[in-house]
Amino acid sequence: MIAFFDTNIYVDYLRGVMPAQMYLRYFSVYVMRMCPVVYHELLRGICSSAVEKKVKTLGEKIVFLPPPTTKMWADAGEIISMLQPHAKEKTMEQVQNDVLIALTARYSGATLITRDADFEKLQRFLQFSFIMHPSDI
């Protein structure tokens with residue numbers, strides 16, 4: 001089975017907040033991949049040369065899932081229009097990225113591993129496989 005991490009899992013791991021064993025335990029159960037949208041968010045959030053090196057090294061070592069297709073972008077537009085009344089805490093870009101990440105899980109058949117409870121809400125509009133990583137890292 002294939003899985004991929006949401007941005008929040010990588011951020012916690014790269015900051016050293018998440019113990020390595022909690023991060024690495026998924027590698028014994030899943031074939032781990034990287035979602036291009038998640039990688040974009042990681043690159044966009046780089047705040048130091050040390051973080052840049054970690055993110056780029058990660059990107060060089062992992063296999064990527066296919067990027068969002070035209071169909072996925074179209075589906076995202078429809079889903080986002082339904083989500084707008086429910087997504088007051090996030091910017092439109094954050095909502096768009098969450099939807100594209102969920103669509104990546106759906107279309108690739110991979111399981112998303114996240115700590116973001118908004119993906120539970122997104123399940124009302126879109127069926128995809130995900131695991132809520134324990135929040136008590």
# chains A, B, ... in the order shown; residues from 1 in each chain; ligands from 1

$ residues_around --residues "stretch 68-81 of chain A" --least-positions-apart "6" --cutoff "12 Å" --atoms "only C-alpha atoms" --output "count of residues only"
30

$ closest_residue --among "A:Val51, A:Leu58, A:Phe130, A:Leu65" --to "A:Gly16" --atoms "only C-alpha atoms"
A:Val51

$ select_by_dssp --residues "chain A" --states "alpha helix (DSSP H)" --output "PDB file with N, CA and C atoms, in the first residue's frame"
ATOM      1  N   THR A   7       1.804  18.015   4.852  1.00  0.00           N
ATOM      2  CA  THR A   7       2.849  18.986   5.178  1.00  0.00           C
ATOM      3  C   THR A   7       3.111  19.048   6.679  1.00  0.00           C
ATOM      4  N   ASN A   8       2.060  19.011   7.497  1.00  0.00           N
ATOM      5  CA  ASN A   8       2.242  19.160   8.944  1.00  0.00           C
ATOM      6  C   ASN A   8       3.089  18.046   9.552  1.00  0.00           C
ATOM      7  N   ILE A   9       3.042  16.858   8.993  1.00  0.00           N
ATOM      8  CA  ILE A   9       3.868  15.757   9.497  1.00  0.00           C
ATOM      9  C   ILE A   9       5.343  16.044   9.204  1.00  0.00           C
ATOM     10  N   TYR A  10       5.629  16.462   7.977  1.00  0.00           N
ATOM     11  CA  TYR A  10       7.014  16.795   7.622  1.00  0.00           C
ATOM     12  C   TYR A  10       7.543  17.958   8.465  1.00  0.00           C
ATOM     13  N   VAL A  11       6.715  18.969   8.658  1.00  0.00           N
ATOM     14  CA  VAL A  11       7.154  20.133   9.429  1.00  0.00           C
ATOM     15  C   VAL A  11       7.532  19.712  10.849  1.00  0.00           C
ATOM     16  N   ASP A  12       6.682  18.926  11.483  1.00  0.00           N
ATOM     17  CA  ASP A  12       6.990  18.454  12.841  1.00  0.00           C
ATOM     18  C   ASP A  12       8.257  17.610  12.863  1.00  0.00           C
ATOM     19  N   TYR A  13       8.402  16.735  11.884  1.00  0.00           N
ATOM     20  CA  TYR A  13       9.592  15.875  11.833  1.00  0.00           C
ATOM     21  C   TYR A  13      10.856  16.695  11.572  1.00  0.00           C
ATOM     22  N   LEU A  14      10.809  17.588  10.585  1.00  0.00           N
ATOM     23  CA  LEU A  14      11.995  18.376  10.238  1.00  0.00           C
ATOM     24  C   LEU A  14      12.397  19.341  11.354  1.00  0.00           C
ATOM     25  N   ARG A  15      11.434  19.802  12.136  1.00  0.00           N
ATOM     26  CA  ARG A  15      11.735  20.681  13.276  1.00  0.00           C
ATOM     27  C   ARG A  15      12.242  19.905  14.481  1.00  0.00           C
ATOM     28  N   ALA A  20      11.679  10.533  15.729  1.00  0.00           N
ATOM     29  CA  ALA A  20      11.939   9.798  14.490  1.00  0.00           C
ATOM     30  C   ALA A  20      11.149   8.486  14.428  1.00  0.00           C
ATOM     31  N   GLN A  21      11.025   7.781  15.558  1.00  0.00           N
ATOM     32  CA  GLN A  21      10.320   6.503  15.523  1.00  0.00           C
ATOM     33  C   GLN A  21       8.848   6.661  15.149  1.00  0.00           C
ATOM     34  N   MET A  22       8.233   7.782  15.522  1.00  0.00           N
ATOM     35  CA  MET A  22       6.833   8.014  15.142  1.00  0.00           C
ATOM     36  C   MET A  22       6.718   8.269  13.642  1.00  0.00           C
ATOM     37  N   TYR A  23       7.679   8.955  13.094  1.00  0.00           N
ATOM     38  CA  TYR A  23       7.713   9.248  11.664  1.00  0.00           C
ATOM     39  C   TYR A  23       8.047   7.985  10.875  1.00  0.00           C
ATOM     40  N   LEU A  24       9.073   7.276  11.311  1.00  0.00           N
ATOM     41  CA  LEU A  24       9.585   6.128  10.566  1.00  0.00           C
ATOM     42  C   LEU A  24       8.687   4.898  10.645  1.00  0.00           C
ATOM     43  N   PRO A  36       3.251  16.178  -4.779  1.00  0.00           N
ATOM     44  CA  PRO A  36       3.842  17.424  -5.275  1.00  0.00           C
ATOM     45  C   PRO A  36       3.291  18.680  -4.589  1.00  0.00           C
ATOM     46  N   VAL A  37       2.029  18.681  -4.204  1.00  0.00           N
ATOM     47  CA  VAL A  37       1.440  19.843  -3.530  1.00  0.00           C
ATOM     48  C   VAL A  37       2.072  20.012  -2.149  1.00  0.00           C
ATOM     49  N   VAL A  38       2.303  18.919  -1.454  1.00  0.00           N
ATOM     50  CA  VAL A  38       2.966  18.962  -0.142  1.00  0.00           C
ATOM     51  C   VAL A  38       4.391  19.488  -0.308  1.00  0.00           C
ATOM     52  N   TYR A  39       5.090  19.006  -1.326  1.00  0.00           N
ATOM     53  CA  TYR A  39       6.465  19.472  -1.554  1.00  0.00           C
ATOM     54  C   TYR A  39       6.483  20.971  -1.837  1.00  0.00           C
ATOM     55  N   HIS A  40       5.523  21.439  -2.605  1.00  0.00           N
ATOM     56  CA  HIS A  40       5.394  22.879  -2.873  1.00  0.00           C
ATOM     57  C   HIS A  40       5.227  23.651  -1.567  1.00  0.00           C
ATOM     58  N   GLU A  41       4.354  23.153  -0.682  1.00  0.00           N
ATOM     59  CA  GLU A  41       4.146  23.839   0.596  1.00  0.00           C
ATOM     60  C   GLU A  41       5.420  23.837   1.434  1.00  0.00           C
ATOM     61  N   LEU A  42       6.155  22.740   1.418  1.00  0.00           N
ATOM     62  CA  LEU A  42       7.405  22.679   2.168  1.00  0.00           C
ATOM     63  C   LEU A  42       8.422  23.674   1.613  1.00  0.00           C
ATOM     64  N   LEU A  43       8.562  23.722   0.301  1.00  0.00           N
ATOM     65  CA  LEU A  43       9.504  24.657  -0.315  1.00  0.00           C
ATOM     66  C   LEU A  43       9.112  26.104  -0.040  1.00  0.00           C
ATOM     67  N   ARG A  44       7.827  26.377  -0.103  1.00  0.00           N
ATOM     68  CA  ARG A  44       7.330  27.731   0.124  1.00  0.00           C
ATOM     69  C   ARG A  44       7.585  28.195   1.556  1.00  0.00           C
ATOM     70  N   SER A  49      18.643  28.303   5.656  1.00  0.00           N
ATOM     71  CA  SER A  49      19.416  27.434   4.762  1.00  0.00           C
ATOM     72  C   SER A  49      19.448  25.999   5.286  1.00  0.00           C
ATOM     73  N   ALA A  50      19.396  25.833   6.599  1.00  0.00           N
ATOM     74  CA  ALA A  50      19.384  24.486   7.181  1.00  0.00           C
ATOM     75  C   ALA A  50      18.095  23.754   6.808  1.00  0.00           C
ATOM     76  N   VAL A  51      16.969  24.451   6.899  1.00  0.00           N
ATOM     77  CA  VAL A  51      15.685  23.863   6.530  1.00  0.00           C
ATOM     78  C   VAL A  51      15.654  23.602   5.025  1.00  0.00           C
ATOM     79  N   GLU A  52      16.177  24.540   4.257  1.00  0.00           N
ATOM     80  CA  GLU A  52      16.217  24.366   2.800  1.00  0.00           C
ATOM     81  C   GLU A  52      16.973  23.086   2.440  1.00  0.00           C
ATOM     82  N   LYS A  53      18.092  22.863   3.072  1.00  0.00           N
ATOM     83  CA  LYS A  53      18.887  21.664   2.787  1.00  0.00           C
ATOM     84  C   LYS A  53      18.101  20.400   3.121  1.00  0.00           C
ATOM     85  N   LYS A  54      17.420  20.384   4.278  1.00  0.00           N
ATOM     86  CA  LYS A  54      16.641  19.216   4.678  1.00  0.00           C
ATOM     87  C   LYS A  54      15.512  18.933   3.684  1.00  0.00           C
ATOM     88  N   VAL A  55      14.793  19.983   3.291  1.00  0.00           N
ATOM     89  CA  VAL A  55      13.659  19.813   2.381  1.00  0.00           C
ATOM     90  C   VAL A  55      14.141  19.346   1.012  1.00  0.00           C
ATOM     91  N   LYS A  56      15.180  19.954   0.505  1.00  0.00           N
ATOM     92  CA  LYS A  56      15.684  19.570  -0.823  1.00  0.00           C
ATOM     93  C   LYS A  56      16.279  18.164  -0.820  1.00  0.00           C
ATOM     94  N   THR A  57      16.936  17.787   0.270  1.00  0.00           N
ATOM     95  CA  THR A  57      17.462  16.423   0.387  1.00  0.00           C
ATOM     96  C   THR A  57      16.310  15.421   0.396  1.00  0.00           C
ATOM     97  N   LEU A  58      15.267  15.737   1.133  1.00  0.00           N
ATOM     98  CA  LEU A  58      14.072  14.898   1.164  1.00  0.00           C
ATOM     99  C   LEU A  58      13.502  14.747  -0.243  1.00  0.00           C
ATOM    100  N   GLY A  59      13.381  15.852  -0.961  1.00  0.00           N
ATOM    101  CA  GLY A  59      12.831  15.827  -2.313  1.00  0.00           C
ATOM    102  C   GLY A  59      13.673  15.031  -3.295  1.00  0.00           C
ATOM    103  N   GLU A  60      14.967  14.967  -3.053  1.00  0.00           N
ATOM    104  CA  GLU A  60      15.867  14.214  -3.934  1.00  0.00           C
ATOM    105  C   GLU A  60      15.809  12.710  -3.666  1.00  0.00           C
ATOM    106  N   LYS A  61      15.396  12.327  -2.447  1.00  0.00           N
ATOM    107  CA  LYS A  61      15.454  10.924  -2.052  1.00  0.00           C
ATOM    108  C   LYS A  61      14.129  10.182  -2.204  1.00  0.00           C
ATOM    109  N   THR A  70      -5.475  18.048 -15.011  1.00  0.00           N
ATOM    110  CA  THR A  70      -6.525  19.015 -15.343  1.00  0.00           C
ATOM    111  C   THR A  70      -7.851  18.600 -14.711  1.00  0.00           C
ATOM    112  N   LYS A  71      -8.162  17.311 -14.738  1.00  0.00           N
ATOM    113  CA  LYS A  71      -9.400  16.804 -14.121  1.00  0.00           C
ATOM    114  C   LYS A  71      -9.402  17.076 -12.616  1.00  0.00           C
ATOM    115  N   MET A  72      -8.270  16.887 -11.973  1.00  0.00           N
ATOM    116  CA  MET A  72      -8.191  17.134 -10.534  1.00  0.00           C
ATOM    117  C   MET A  72      -8.389  18.615 -10.224  1.00  0.00           C
ATOM    118  N   TRP A  73      -7.805  19.491 -11.037  1.00  0.00           N
ATOM    119  CA  TRP A  73      -8.000  20.937 -10.844  1.00  0.00           C
ATOM    120  C   TRP A  73      -9.470  21.308 -11.022  1.00  0.00           C
ATOM    121  N   ALA A  74     -10.121  20.704 -12.019  1.00  0.00           N
ATOM    122  CA  ALA A  74     -11.546  20.984 -12.238  1.00  0.00           C
ATOM    123  C   ALA A  74     -12.375  20.483 -11.056  1.00  0.00           C
ATOM    124  N   ASP A  75     -12.086  19.264 -10.600  1.00  0.00           N
ATOM    125  CA  ASP A  75     -12.789  18.723  -9.428  1.00  0.00           C
ATOM    126  C   ASP A  75     -12.554  19.610  -8.206  1.00  0.00           C
ATOM    127  N   ALA A  76     -11.324  20.084  -8.055  1.00  0.00           N
ATOM    128  CA  ALA A  76     -10.991  20.954  -6.920  1.00  0.00           C
ATOM    129  C   ALA A  76     -11.833  22.219  -6.944  1.00  0.00           C
ATOM    130  N   GLY A  77     -11.995  22.810  -8.118  1.00  0.00           N
ATOM    131  CA  GLY A  77     -12.822  24.015  -8.224  1.00  0.00           C
ATOM    132  C   GLY A  77     -14.245  23.782  -7.761  1.00  0.00           C
ATOM    133  N   GLU A  78     -14.827  22.659  -8.167  1.00  0.00           N
ATOM    134  CA  GLU A  78     -16.200  22.341  -7.747  1.00  0.00           C
ATOM    135  C   GLU A  78     -16.291  22.090  -6.241  1.00  0.00           C
ATOM    136  N   ILE A  79     -15.330  21.357  -5.711  1.00  0.00           N
ATOM    137  CA  ILE A  79     -15.338  21.043  -4.277  1.00  0.00           C
ATOM    138  C   ILE A  79     -15.125  22.302  -3.449  1.00  0.00           C
ATOM    139  N   ILE A  80     -14.208  23.155  -3.878  1.00  0.00           N
ATOM    140  CA  ILE A  80     -13.935  24.391  -3.146  1.00  0.00           C
ATOM    141  C   ILE A  80     -15.175  25.275  -3.100  1.00  0.00           C
ATOM    142  N   SER A  81     -15.934  25.316  -4.177  1.00  0.00           N
ATOM    143  CA  SER A  81     -17.158  26.136  -4.165  1.00  0.00           C
ATOM    144  C   SER A  81     -18.160  25.606  -3.143  1.00  0.00           C
ATOM    145  N   MET A  82     -18.184  24.300  -2.913  1.00  0.00           N
ATOM    146  CA  MET A  82     -19.060  23.721  -1.895  1.00  0.00           C
ATOM    147  C   MET A  82     -18.502  23.955  -0.485  1.00  0.00           C
ATOM    148  N   LEU A  83     -17.175  24.014  -0.371  1.00  0.00           N
ATOM    149  CA  LEU A  83     -16.518  24.164   0.927  1.00  0.00           C
ATOM    150  C   LEU A  83     -16.506  25.590   1.453  1.00  0.00           C
ATOM    151  N   MET A  92      -8.028  30.819   0.967  1.00  0.00           N
ATOM    152  CA  MET A  92      -8.459  30.072  -0.207  1.00  0.00           C
ATOM    153  C   MET A  92      -7.322  29.181  -0.728  1.00  0.00           C
ATOM    154  N   GLU A  93      -6.085  29.668  -0.640  1.00  0.00           N
ATOM    155  CA  GLU A  93      -4.940  28.864  -1.081  1.00  0.00           C
ATOM    156  C   GLU A  93      -4.787  27.609  -0.217  1.00  0.00           C
ATOM    157  N   GLN A  94      -4.965  27.747   1.095  1.00  0.00           N
ATOM    158  CA  GLN A  94      -4.858  26.588   1.986  1.00  0.00           C
ATOM    159  C   GLN A  94      -5.964  25.575   1.691  1.00  0.00           C
ATOM    160  N   VAL A  95      -7.170  26.067   1.463  1.00  0.00           N
ATOM    161  CA  VAL A  95      -8.288  25.177   1.137  1.00  0.00           C
ATOM    162  C   VAL A  95      -8.005  24.472  -0.188  1.00  0.00           C
ATOM    163  N   GLN A  96      -7.544  25.239  -1.173  1.00  0.00           N
ATOM    164  CA  GLN A  96      -7.224  24.663  -2.478  1.00  0.00           C
ATOM    165  C   GLN A  96      -6.176  23.557  -2.336  1.00  0.00           C
ATOM    166  N   ASN A  97      -5.110  23.828  -1.591  1.00  0.00           N
ATOM    167  CA  ASN A  97      -4.062  22.829  -1.419  1.00  0.00           C
ATOM    168  C   ASN A  97      -4.572  21.588  -0.695  1.00  0.00           C
ATOM    169  N   ASP A  98      -5.391  21.772   0.336  1.00  0.00           N
ATOM    170  CA  ASP A  98      -5.960  20.617   1.036  1.00  0.00           C
ATOM    171  C   ASP A  98      -6.802  19.768   0.085  1.00  0.00           C
ATOM    172  N   VAL A  99      -7.598  20.412  -0.735  1.00  0.00           N
ATOM    173  CA  VAL A  99      -8.443  19.680  -1.686  1.00  0.00           C
ATOM    174  C   VAL A  99      -7.570  18.945  -2.703  1.00  0.00           C
ATOM    175  N   LEU A 100      -6.536  19.594  -3.211  1.00  0.00           N
ATOM    176  CA  LEU A 100      -5.641  18.938  -4.169  1.00  0.00           C
ATOM    177  C   LEU A 100      -4.887  17.773  -3.522  1.00  0.00           C
ATOM    178  N   ILE A 101      -4.531  17.908  -2.265  1.00  0.00           N
ATOM    179  CA  ILE A 101      -3.872  16.812  -1.544  1.00  0.00           C
ATOM    180  C   ILE A 101      -4.842  15.639  -1.387  1.00  0.00           C
ATOM    181  N   ALA A 102      -6.085  15.927  -1.017  1.00  0.00           N
ATOM    182  CA  ALA A 102      -7.093  14.870  -0.888  1.00  0.00           C
ATOM    183  C   ALA A 102      -7.363  14.213  -2.243  1.00  0.00           C
ATOM    184  N   LEU A 103      -7.434  15.006  -3.296  1.00  0.00           N
ATOM    185  CA  LEU A 103      -7.641  14.446  -4.638  1.00  0.00           C
ATOM    186  C   LEU A 103      -6.453  13.595  -5.076  1.00  0.00           C
ATOM    187  N   THR A 104      -5.253  13.981  -4.663  1.00  0.00           N
ATOM    188  CA  THR A 104      -4.074  13.158  -4.960  1.00  0.00           C
ATOM    189  C   THR A 104      -4.232  11.792  -4.311  1.00  0.00           C
ATOM    190  N   ALA A 105      -4.684  11.771  -3.063  1.00  0.00           N
ATOM    191  CA  ALA A 105      -4.925  10.491  -2.380  1.00  0.00           C
ATOM    192  C   ALA A 105      -5.975   9.681  -3.126  1.00  0.00           C
ATOM    193  N   ARG A 106      -7.052  10.332  -3.493  1.00  0.00           N
ATOM    194  CA  ARG A 106      -8.150   9.628  -4.171  1.00  0.00           C
ATOM    195  C   ARG A 106      -7.713   9.063  -5.520  1.00  0.00           C
ATOM    196  N   TYR A 107      -7.132   9.895  -6.356  1.00  0.00           N
ATOM    197  CA  TYR A 107      -6.802   9.465  -7.712  1.00  0.00           C
ATOM    198  C   TYR A 107      -5.605   8.520  -7.768  1.00  0.00           C
ATOM    199  N   SER A 108      -4.703   8.596  -6.801  1.00  0.00           N
ATOM    200  CA  SER A 108      -3.537   7.707  -6.815  1.00  0.00           C
ATOM    201  C   SER A 108      -3.790   6.422  -6.031  1.00  0.00           C
ATOM    202  N   ASP A 118      -9.124  19.152   9.378  1.00  0.00           N
ATOM    203  CA  ASP A 118      -9.935  19.627   8.250  1.00  0.00           C
ATOM    204  C   ASP A 118     -10.135  18.540   7.199  1.00  0.00           C
ATOM    205  N   PHE A 119      -9.247  17.558   7.152  1.00  0.00           N
ATOM    206  CA  PHE A 119      -9.425  16.468   6.189  1.00  0.00           C
ATOM    207  C   PHE A 119     -10.615  15.588   6.576  1.00  0.00           C
ATOM    208  N   GLU A 120     -10.932  15.514   7.872  1.00  0.00           N
ATOM    209  CA  GLU A 120     -12.140  14.797   8.284  1.00  0.00           C
ATOM    210  C   GLU A 120     -13.381  15.502   7.747  1.00  0.00           C
ATOM    211  N   LYS A 121     -13.383  16.833   7.792  1.00  0.00           N
ATOM    212  CA  LYS A 121     -14.502  17.613   7.255  1.00  0.00           C
ATOM    213  C   LYS A 121     -14.594  17.455   5.739  1.00  0.00           C
ATOM    214  N   LEU A 122     -13.447  17.400   5.102  1.00  0.00           N
ATOM    215  CA  LEU A 122     -13.398  17.276   3.645  1.00  0.00           C
ATOM    216  C   LEU A 122     -13.991  15.947   3.180  1.00  0.00           C
TER     217      LEU A 122
END

$ atom_distance --atom1 "atom CA of A:Pro19" --atom2 "atom CA of A:Ile131"
18.0 Å

$ decode --residues "stretch 32-109 of chain A" --atoms "C-alpha atoms" --output "PDB file, in the first residue's frame"
ATOM      1  CA  MET A  32       6.039   6.125   1.148  1.00  0.00           C
ATOM      2  CA  ARG A  33       5.729   8.717  -1.610  1.00  0.00           C
ATOM      3  CA  MET A  34       5.627  12.535  -1.795  1.00  0.00           C
ATOM      4  CA  CYS A  35       2.672  14.572  -2.994  1.00  0.00           C
ATOM      5  CA  PRO A  36       3.842  17.424  -5.275  1.00  0.00           C
ATOM      6  CA  VAL A  37       1.440  19.843  -3.530  1.00  0.00           C
ATOM      7  CA  VAL A  38       2.966  18.962  -0.142  1.00  0.00           C
ATOM      8  CA  TYR A  39       6.465  19.472  -1.554  1.00  0.00           C
ATOM      9  CA  HIS A  40       5.394  22.879  -2.873  1.00  0.00           C
ATOM     10  CA  GLU A  41       4.146  23.839   0.596  1.00  0.00           C
ATOM     11  CA  LEU A  42       7.405  22.679   2.168  1.00  0.00           C
ATOM     12  CA  LEU A  43       9.504  24.657  -0.315  1.00  0.00           C
ATOM     13  CA  ARG A  44       7.330  27.731   0.124  1.00  0.00           C
ATOM     14  CA  GLY A  45       7.802  27.599   3.900  1.00  0.00           C
ATOM     15  CA  ILE A  46      11.601  27.460   3.905  1.00  0.00           C
ATOM     16  CA  CYS A  47      12.932  29.940   6.454  1.00  0.00           C
ATOM     17  CA  SER A  48      16.619  29.067   6.732  1.00  0.00           C
ATOM     18  CA  SER A  49      19.416  27.434   4.762  1.00  0.00           C
ATOM     19  CA  ALA A  50      19.384  24.486   7.181  1.00  0.00           C
ATOM     20  CA  VAL A  51      15.685  23.863   6.530  1.00  0.00           C
ATOM     21  CA  GLU A  52      16.217  24.366   2.800  1.00  0.00           C
ATOM     22  CA  LYS A  53      18.887  21.664   2.787  1.00  0.00           C
ATOM     23  CA  LYS A  54      16.641  19.216   4.678  1.00  0.00           C
ATOM     24  CA  VAL A  55      13.659  19.813   2.381  1.00  0.00           C
ATOM     25  CA  LYS A  56      15.684  19.570  -0.823  1.00  0.00           C
ATOM     26  CA  THR A  57      17.462  16.423   0.387  1.00  0.00           C
ATOM     27  CA  LEU A  58      14.072  14.898   1.164  1.00  0.00           C
ATOM     28  CA  GLY A  59      12.831  15.827  -2.313  1.00  0.00           C
ATOM     29  CA  GLU A  60      15.867  14.214  -3.934  1.00  0.00           C
ATOM     30  CA  LYS A  61      15.454  10.924  -2.052  1.00  0.00           C
ATOM     31  CA  ILE A  62      11.732  10.234  -2.305  1.00  0.00           C
ATOM     32  CA  VAL A  63       9.565   9.147  -5.226  1.00  0.00           C
ATOM     33  CA  PHE A  64       6.807  11.591  -6.141  1.00  0.00           C
ATOM     34  CA  LEU A  65       3.185  10.821  -6.854  1.00  0.00           C
ATOM     35  CA  PRO A  66       1.878  12.283 -10.137  1.00  0.00           C
ATOM     36  CA  PRO A  67       1.051  16.006  -9.984  1.00  0.00           C
ATOM     37  CA  PRO A  68      -2.571  17.197 -10.115  1.00  0.00           C
ATOM     38  CA  THR A  69      -4.128  16.697 -13.536  1.00  0.00           C
ATOM     39  CA  THR A  70      -6.525  19.015 -15.343  1.00  0.00           C
ATOM     40  CA  LYS A  71      -9.400  16.804 -14.121  1.00  0.00           C
ATOM     41  CA  MET A  72      -8.191  17.134 -10.534  1.00  0.00           C
ATOM     42  CA  TRP A  73      -8.000  20.937 -10.844  1.00  0.00           C
ATOM     43  CA  ALA A  74     -11.546  20.984 -12.238  1.00  0.00           C
ATOM     44  CA  ASP A  75     -12.789  18.723  -9.428  1.00  0.00           C
ATOM     45  CA  ALA A  76     -10.991  20.954  -6.920  1.00  0.00           C
ATOM     46  CA  GLY A  77     -12.822  24.015  -8.224  1.00  0.00           C
ATOM     47  CA  GLU A  78     -16.200  22.341  -7.747  1.00  0.00           C
ATOM     48  CA  ILE A  79     -15.338  21.043  -4.277  1.00  0.00           C
ATOM     49  CA  ILE A  80     -13.935  24.391  -3.146  1.00  0.00           C
ATOM     50  CA  SER A  81     -17.158  26.136  -4.165  1.00  0.00           C
ATOM     51  CA  MET A  82     -19.060  23.721  -1.895  1.00  0.00           C
ATOM     52  CA  LEU A  83     -16.518  24.164   0.927  1.00  0.00           C
ATOM     53  CA  GLN A  84     -16.410  27.964   0.982  1.00  0.00           C
ATOM     54  CA  PRO A  85     -19.136  28.408   3.609  1.00  0.00           C
ATOM     55  CA  HIS A  86     -17.360  25.850   5.858  1.00  0.00           C
ATOM     56  CA  ALA A  87     -13.750  27.014   5.467  1.00  0.00           C
ATOM     57  CA  LYS A  88     -13.625  30.275   7.350  1.00  0.00           C
ATOM     58  CA  GLU A  89     -10.377  29.596   9.261  1.00  0.00           C
ATOM     59  CA  LYS A  90      -8.221  28.962   6.195  1.00  0.00           C
ATOM     60  CA  THR A  91      -7.198  31.052   3.227  1.00  0.00           C
ATOM     61  CA  MET A  92      -8.459  30.072  -0.207  1.00  0.00           C
ATOM     62  CA  GLU A  93      -4.940  28.864  -1.081  1.00  0.00           C
ATOM     63  CA  GLN A  94      -4.858  26.588   1.986  1.00  0.00           C
ATOM     64  CA  VAL A  95      -8.288  25.177   1.137  1.00  0.00           C
ATOM     65  CA  GLN A  96      -7.224  24.663  -2.478  1.00  0.00           C
ATOM     66  CA  ASN A  97      -4.062  22.829  -1.419  1.00  0.00           C
ATOM     67  CA  ASP A  98      -5.960  20.617   1.036  1.00  0.00           C
ATOM     68  CA  VAL A  99      -8.443  19.680  -1.686  1.00  0.00           C
ATOM     69  CA  LEU A 100      -5.641  18.938  -4.169  1.00  0.00           C
ATOM     70  CA  ILE A 101      -3.872  16.812  -1.544  1.00  0.00           C
ATOM     71  CA  ALA A 102      -7.093  14.870  -0.888  1.00  0.00           C
ATOM     72  CA  LEU A 103      -7.641  14.446  -4.638  1.00  0.00           C
ATOM     73  CA  THR A 104      -4.074  13.158  -4.960  1.00  0.00           C
ATOM     74  CA  ALA A 105      -4.925  10.491  -2.380  1.00  0.00           C
ATOM     75  CA  ARG A 106      -8.150   9.628  -4.171  1.00  0.00           C
ATOM     76  CA  TYR A 107      -6.802   9.465  -7.712  1.00  0.00           C
ATOM     77  CA  SER A 108      -3.537   7.707  -6.815  1.00  0.00           C
ATOM     78  CA  GLY A 109      -5.142   5.248  -4.403  1.00  0.00           C
TER      79      GLY A 109
END
